[in-house]
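Here's structure36.pdb, which has PDB, C-alpha atoms:
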ATOM      1  CA  MET S  10      71.586  68.069  -2.599
ATOM      2  CA  TYR S  11      70.237  70.489  -5.205
ATOM      3  CA  GLN S  12      71.315  68.107  -7.962
ATOM      4  CA  ARG S  13      69.174  65.384  -6.408
ATOM      5  CA  ILE S  14      66.165  67.695  -6.178
ATOM      6  CA  ALA S  15      66.633  68.845  -9.778
ATOM      7  CA  PHE S  16      66.990  65.252 -10.986
ATOM      8  CA  PHE S  17      63.931  64.129  -9.041
ATOM      9  CA  SER S  18      61.874  67.075 -10.356
ATOM     10  CA  ALA S  19      62.919  66.358 -13.940
ATOM     11  CA  PHE S  20      62.148  62.666 -13.447
ATOM     12  CA  CYS S  21      58.649  63.417 -12.106
ATOM     13  CA  LEU S  22      57.920  65.823 -14.972
ATOM     14  CA  GLY S  23      59.044  63.174 -17.446
ATOM     15  CA  LEU S  24      56.703  60.643 -15.874
ATOM     16  CA  MET S  25      53.801  63.088 -16.037
ATOM     17  CA  PHE S  26      54.359  63.836 -19.712
ATOM     18  CA  SER S  27      54.880  60.193 -20.652
ATOM     19  CA  GLY S  28      51.643  59.279 -18.846
ATOM     20  CA  ALA S  29      49.755  61.982 -20.733
ATOM     21  CA  SER S  30      51.225  60.737 -23.993
ATOM     22  CA  LEU S  31      50.222  57.145 -23.205
ATOM     23  CA  TYR S  32      46.696  58.255 -22.345
ATOM     24  CA  ALA S  33      46.478  60.201 -25.610
ATOM     25  CA  GLN S  34      47.685  57.153 -27.536
ATOM     26  CA  ASN S  35      45.185  54.966 -25.709
ATOM     27  CA  GLN S  36      42.374  57.402 -26.531
ATOM     28  CA  LYS S  37      43.377  57.432 -30.212
ATOM     29  CA  THR S  38      43.256  53.647 -30.280
ATOM     30  CA  ILE S  39      39.850  53.616 -28.572
ATOM     31  CA  ASP S  40      38.487  56.218 -30.996
ATOM     32  CA  SER S  41      39.848  54.271 -33.957
ATOM     33  CA  LEU S  42      38.258  51.024 -32.745
ATOM     34  CA  ARG S  43      34.916  52.745 -32.073
ATOM     35  CA  ASN S  44      34.987  54.167 -35.582
ATOM     36  CA  GLU S  45      35.747  50.728 -37.028
ATOM     37  CA  LEU S  46      32.829  49.310 -35.026
ATOM     38  CA  LYS S  47      30.483  51.926 -36.539
ATOM     39  CA  VAL S  48      31.727  51.449 -40.087
ATOM     40  CA  HIS S  49      32.270  47.689 -40.261
ATOM     41  CA  GLY S  50      30.100  46.357 -37.429
ATOM     42  CA  ALA S  51      30.987  44.067 -34.559
ATOM     43  CA  SER S  52      33.896  41.710 -35.032
ATOM     44  CA  TYR S  53      35.689  39.791 -32.331
ATOM     45  CA  ARG S  54      38.941  41.705 -32.927
ATOM     46  CA  VAL S  55      37.286  45.116 -32.565
ATOM     47  CA  LEU S  56      35.165  44.186 -29.539
ATOM     48  CA  TRP S  57      38.079  42.545 -27.723
ATOM     49  CA  GLY S  58      40.341  45.474 -28.622
ATOM     50  CA  LEU S  59      37.868  47.954 -27.155
ATOM     51  CA  ALA S  60      37.482  45.883 -23.997
ATOM     52  CA  TYR S  61      41.260  45.613 -23.627
ATOM     53  CA  GLU S  62      41.897  49.326 -24.235
ATOM     54  CA  LEU S  63      39.102  50.385 -21.862
ATOM     55  CA  PHE S  64      40.222  47.941 -19.130
ATOM     56  CA  GLU S  65      42.007  50.594 -17.051
ATOM     57  CA  VAL S  66      39.831  53.491 -18.266
ATOM     58  CA  ASN S  67      36.170  52.464 -17.911
ATOM     59  CA  ASN S  68      35.475  48.998 -16.534
ATOM     60  CA  GLU S  69      31.698  49.150 -17.101
ATOM     61  CA  GLU S  70      32.061  49.980 -20.790
ATOM     62  CA  ALA S  71      34.930  47.512 -21.179
ATOM     63  CA  LEU S  72      32.712  44.823 -19.670
ATOM     64  CA  GLU S  73      30.015  45.392 -22.287
ATOM     65  CA  TYR S  74      32.479  45.021 -25.173
ATOM     66  CA  SER S  75      34.122  42.038 -23.535
ATOM     67  CA  ARG S  76      30.793  40.268 -23.080
ATOM     68  CA  ARG S  77      29.968  40.806 -26.745
ATOM     69  CA  ALA S  78      33.388  39.475 -27.803
ATOM     70  CA  TYR S  79      32.892  36.441 -25.572
ATOM     71  CA  GLN S  80      29.470  35.723 -27.080
ATOM     72  CA  LEU S  81      30.904  35.950 -30.606
ATOM     73  CA  ALA S  82      33.756  33.616 -29.678
ATOM     74  CA  ARG S  83      31.356  31.105 -28.091
ATOM     75  CA  LYS S  84      29.192  31.159 -31.173
ATOM     76  CA  ASN S  85      31.888  31.181 -33.870
ATOM     77  CA  GLY S  86      35.020  29.847 -32.142
ATOM     78  CA  PRO S  87      37.814  29.076 -31.931
ATOM     79  CA  ASP S  88      37.942  28.002 -28.302
ATOM     80  CA  SER S  89      41.166  29.926 -27.685
ATOM     81  CA  LEU S  90      39.335  33.204 -28.350
ATOM     82  CA  MET S  91      36.522  32.093 -26.065
ATOM     83  CA  VAL S  92      39.038  31.501 -23.267
ATOM     84  CA  LYS S  93      40.787  34.824 -23.845
ATOM     85  CA  SER S  94      37.608  36.926 -23.959
ATOM     86  CA  GLY S  95      35.984  34.914 -21.162
ATOM     87  CA  ARG S  96      38.943  35.543 -18.895
ATOM     88  CA  LEU S  97      38.893  39.273 -19.668
ATOM     89  CA  THR S  98      35.133  39.378 -19.050
ATOM     90  CA  ALA S  99      35.568  37.609 -15.707
ATOM     91  CA  GLN S 100      38.313  40.020 -14.647
ATOM     92  CA  LEU S 101      36.000  42.919 -15.443
ATOM     93  CA  LEU S 102      33.121  41.243 -13.610
ATOM     94  CA  ARG S 103      35.353  40.949 -10.541
ATOM     95  CA  ARG S 104      36.360  44.604 -10.816
ATOM     96  CA  THR S 105      32.711  45.667 -11.054
ATOM     97  CA  GLU S 106      31.681  43.768  -7.922
ATOM     98  CA  HIS S 107      30.122  40.749  -9.674
ATOM     99  CA  SER S 108      32.400  38.082  -8.241
ATOM    100  CA  ASP S 109      29.732  35.339  -8.314
ATOM    101  CA  ASP S 110      29.339  35.793 -12.072
ATOM    102  CA  ALA S 111      33.114  35.989 -12.484
ATOM    103  CA  ILE S 112      33.651  32.692 -10.648
ATOM    104  CA  LYS S 113      30.931  30.986 -12.674
ATOM    105  CA  LEU S 114      32.450  32.151 -15.965
ATOM    106  CA  LEU S 115      36.014  31.288 -14.939
ATOM    107  CA  LEU S 116      35.001  27.766 -13.950
ATOM    108  CA  GLU S 117      33.259  27.435 -17.316
ATOM    109  CA  ILE S 118      36.329  28.394 -19.378
ATOM    110  CA  LYS S 119      39.020  26.837 -17.162
ATOM    111  CA  PRO S 120      38.663  23.320 -18.681
ATOM    112  CA  TYR S 121      39.191  24.753 -22.171
ATOM    113  CA  ALA S 122      42.361  26.530 -21.094
ATOM    114  CA  GLU S 123      43.596  23.282 -19.527
ATOM    115  CA  ARG S 124      42.669  21.145 -22.537
ATOM    116  CA  PHE S 125      44.418  23.434 -25.016
ATOM    117  CA  LYS S 126      47.401  23.978 -22.694
ATOM    118  CA  MET S 127      46.895  27.733 -22.641
ATOM    119  CA  ASN S 128      49.079  28.065 -19.554
ATOM    120  CA  GLY S 129      49.325  31.870 -19.637
ATOM    121  CA  GLU S 130      45.552  32.206 -19.749
ATOM    122  CA  LEU S 131      45.132  29.424 -17.201
ATOM    123  CA  ALA S 132      47.438  31.201 -14.754
ATOM    124  CA  ARG S 133      45.399  34.401 -15.150
ATOM    125  CA  ILE S 134      42.163  32.435 -14.699
ATOM    126  CA  LEU S 135      43.496  30.859 -11.503
ATOM    127  CA  ASN S 136      44.736  34.236 -10.292
ATOM    128  CA  THR S 137      41.331  35.839 -10.830
ATOM    129  CA  LEU S 138      39.584  32.914  -9.128
ATOM    130  CA  ALA S 139      41.944  33.345  -6.183
ATOM    131  CA  LEU S 140      41.205  37.075  -5.934
ATOM    132  CA  CYS S 141      37.454  36.478  -6.094
ATOM    133  CA  HIS S 142      37.665  33.948  -3.270
ATOM    134  CA  THR S 143      40.024  36.154  -1.247
ATOM    135  CA  PHE S 144      37.562  39.034  -1.307
ATOM    136  CA  ARG S 145      34.723  36.660  -0.413
ATOM    137  CA  ALA S 146      36.774  35.497   2.618
ATOM    138  CA  GLU S 147      36.990  31.952   1.206
ATOM    139  CA  TYR S 148      40.667  31.687   1.994
ATOM    140  CA  ASP S 149      41.103  27.943   1.555
ATOM    141  CA  LYS S 150      39.922  28.145  -2.074
ATOM    142  CA  ALA S 151      41.905  31.341  -2.625
ATOM    143  CA  LEU S 152      45.131  29.707  -1.456
ATOM    144  CA  GLU S 153      44.463  26.615  -3.575
ATOM    145  CA  TYR S 154      44.068  28.703  -6.735
ATOM    146  CA  ASN S 155      46.998  30.962  -5.830
ATOM    147  CA  VAL S 156      49.332  27.990  -5.415
ATOM    148  CA  GLN S 157      48.190  26.479  -8.733
ATOM    149  CA  SER S 158      48.802  29.826 -10.434
ATOM    150  CA  LEU S 159      52.233  30.110  -8.822
ATOM    151  CA  GLU S 160      53.189  26.635 -10.060
ATOM    152  CA  LEU S 161      52.271  27.576 -13.629
ATOM    153  CA  ARG S 162      54.170  30.835 -13.393
ATOM    154  CA  TYR S 163      57.271  29.060 -12.102
ATOM    155  CA  LYS S 164      57.092  26.836 -15.203
ATOM    156  CA  GLU S 165      56.903  29.977 -17.371
ATOM    157  CA  GLY S 166      59.953  31.382 -15.630
ATOM    158  CA  ASN S 167      58.604  34.947 -15.721
ATOM    159  CA  ASP S 168      59.811  36.640 -12.529
ATOM    160  CA  GLU S 169      57.255  39.452 -12.771
ATOM    161  CA  ARG S 170      54.342  37.027 -12.909
ATOM    162  CA  ILE S 171      55.855  34.901 -10.144
ATOM    163  CA  ALA S 172      56.007  38.057  -8.026
ATOM    164  CA  ILE S 173      52.328  38.763  -8.748
ATOM    165  CA  SER S 174      51.357  35.273  -7.563
ATOM    166  CA  LEU S 175      53.491  35.598  -4.435
ATOM    167  CA  HIS S 176      51.955  39.003  -3.760
ATOM    168  CA  ASN S 177      48.451  37.520  -4.031
ATOM    169  CA  ILE S 178      49.356  34.700  -1.658
ATOM    170  CA  GLY S 179      50.596  37.342   0.768
ATOM    171  CA  LEU S 180      47.352  39.283   0.326
ATOM    172  CA  THR S 181      45.347  36.167   1.161
ATOM    173  CA  TYR S 182      47.364  35.561   4.330
ATOM    174  CA  TYR S 183      47.021  39.225   5.241
ATOM    175  CA  LYS S 184      43.241  39.049   4.848
ATOM    176  CA  MET S 185      43.218  35.907   7.012
ATOM    177  CA  GLY S 186      44.792  37.969   9.766
TER
END
For this file, produce the structure as structure tokens.
Amino acid sequence: MYQRIAFFSAFCLGLMFSGASLYAQNQKTIDSLRNELKVHGASYRVLWGLAYELFEVNNEEALEYSRRAYQLARKNGPDSLMVKSGRLTAQLLRRTEHSDDAIKLLLEIKPYAERFKMNGELARILNTLALCHTFRAEYDKALEYNVQSLELRYKEGNDERIAISLHNIGLTYYKMG
């Protein structure tokens, strides 16, 4: 019994320290990218990197960098960067309670992801569309997008992403009551 408690305590301490180390690494990356932005100005790589690194830390700030990256990609191309930054921007819009804007942006970039067969991005686009519609209580649309996302993820063969799609379908049914 005491061995289990000792193991569990050691495991929890390890998780705490690894989380602190990951946060410190994340902060170093953010600081480095901010410094590069000051010294060299706005580039797609720096703006997208900041948005990506701030995604779990500060959604409002991440959204600002993501929007700027999206605008640069729209202006200068290529379309693959527009899709990638547009999808990230839409995810952040959804997280910051702007689901109407997120849906509009996702529907704008979805044809590009389809045309260029960017199936990983397309699955994420469909997943975000489904979540937006789920939280707006538009369950028919949510299920349609969830099923499309699930089909793409089955083609990928990635069990973790399949599980995410199945989870979101379950969430939609749960919300339906």
Result set of the PyMOL selection byres ((chain S and resi 41-57) around 9) on the coordinates above, as a PyMOL selection string: chain S and resi 36-40+58-62+71+73-79+81-82+90+94+97
Assuming 5 Å of padding per side, give the centre and edge lengths of the axis-aligned box around every listed atom of stretch 45-53 of chain S, in Å to one decimal and as lines of an AutoDock Vina configuration file.
center_x = 32.9
center_y = 45.9
center_z = -36.3
size_x = 15.6
size_y = 22.1
size_z = 17.9
Hey, can you check how far atom CA of S:Asn128 sits from atom CA of S:Asn35?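 Separation of atom CA of S:Asn128 and atom CA of S:Asn35: 27.9 Å.
Counting from atom CA of S:Ser108, the distance to atom CA of S:Leu72 is 13.3 Å.
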Is there a way to get, as a ChimeraX atom specification, all residues within 10 Å of the point (34.1, 40.2, -15.4) in file coordinates, counting all atoms listed in the file? /S:68-69,71-73,75-76,94-112,114-115,137
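Nearest to S:Glu130 of all the residues S:Lys93, S:Lys150, S:Arg170, S:Arg162 is S:Lys93, counting all atoms listed in the file.
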Skip S:Ser174 itself and residues of its chain fewer than 4 positions away, then list as an mmCIF file with C-alpha atoms, keeping the file's coordinate frame all residues within 9 Å of it, counting only C-alpha atoms.
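Resulting contents of around-v9.cif:
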data_model
loop_
_atom_site.group_PDB
_atom_site.id
_atom_site.type_symbol
_atom_site.label_atom_id
_atom_site.label_comp_id
_atom_site.auth_asym_id
_atom_site.auth_seq_id
_atom_site.Cartn_x
_atom_site.Cartn_y
_atom_site.Cartn_z
ATOM 1 C CA ASN S 136 44.736 34.236 -10.292
ATOM 2 C CA ASN S 155 46.998 30.962 -5.830
ATOM 3 C CA VAL S 156 49.332 27.990 -5.415
ATOM 4 C CA SER S 158 48.802 29.826 -10.434
ATOM 5 C CA LEU S 159 52.233 30.110 -8.822
ATOM 6 C CA ARG S 162 54.170 30.835 -13.393
ATOM 7 C CA GLU S 169 57.255 39.452 -12.771
ATOM 8 C CA ARG S 170 54.342 37.027 -12.909
ATOM 9 C CA ILE S 178 49.356 34.700 -1.658
ATOM 10 C CA GLY S 179 50.596 37.342 0.768
#
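If you look at atom CA of S:Glu117 and atom CA of S:Gly129, they are 16.8 Å away from each other.
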Using only C-alpha atoms, can you tell me which of S:Ala146, S:Ala172, S:Ala139, S:Leu161 comes closest to S:Lys184?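 Nearest to S:Lys184: S:Ala146.
Distances to S:Leu135 were evaluated for S:Tyr182, S:Tyr154, S:Tyr148, S:Tyr121 using only C-alpha atoms, and the minimum falls at S:Tyr154.
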S:Phe125 environment, 10 Å, all atoms listed in the file, sequence neighbours closer than 5 positions dropped, as a PyMOL selection string: chain S and resi 88-89+92+120+131
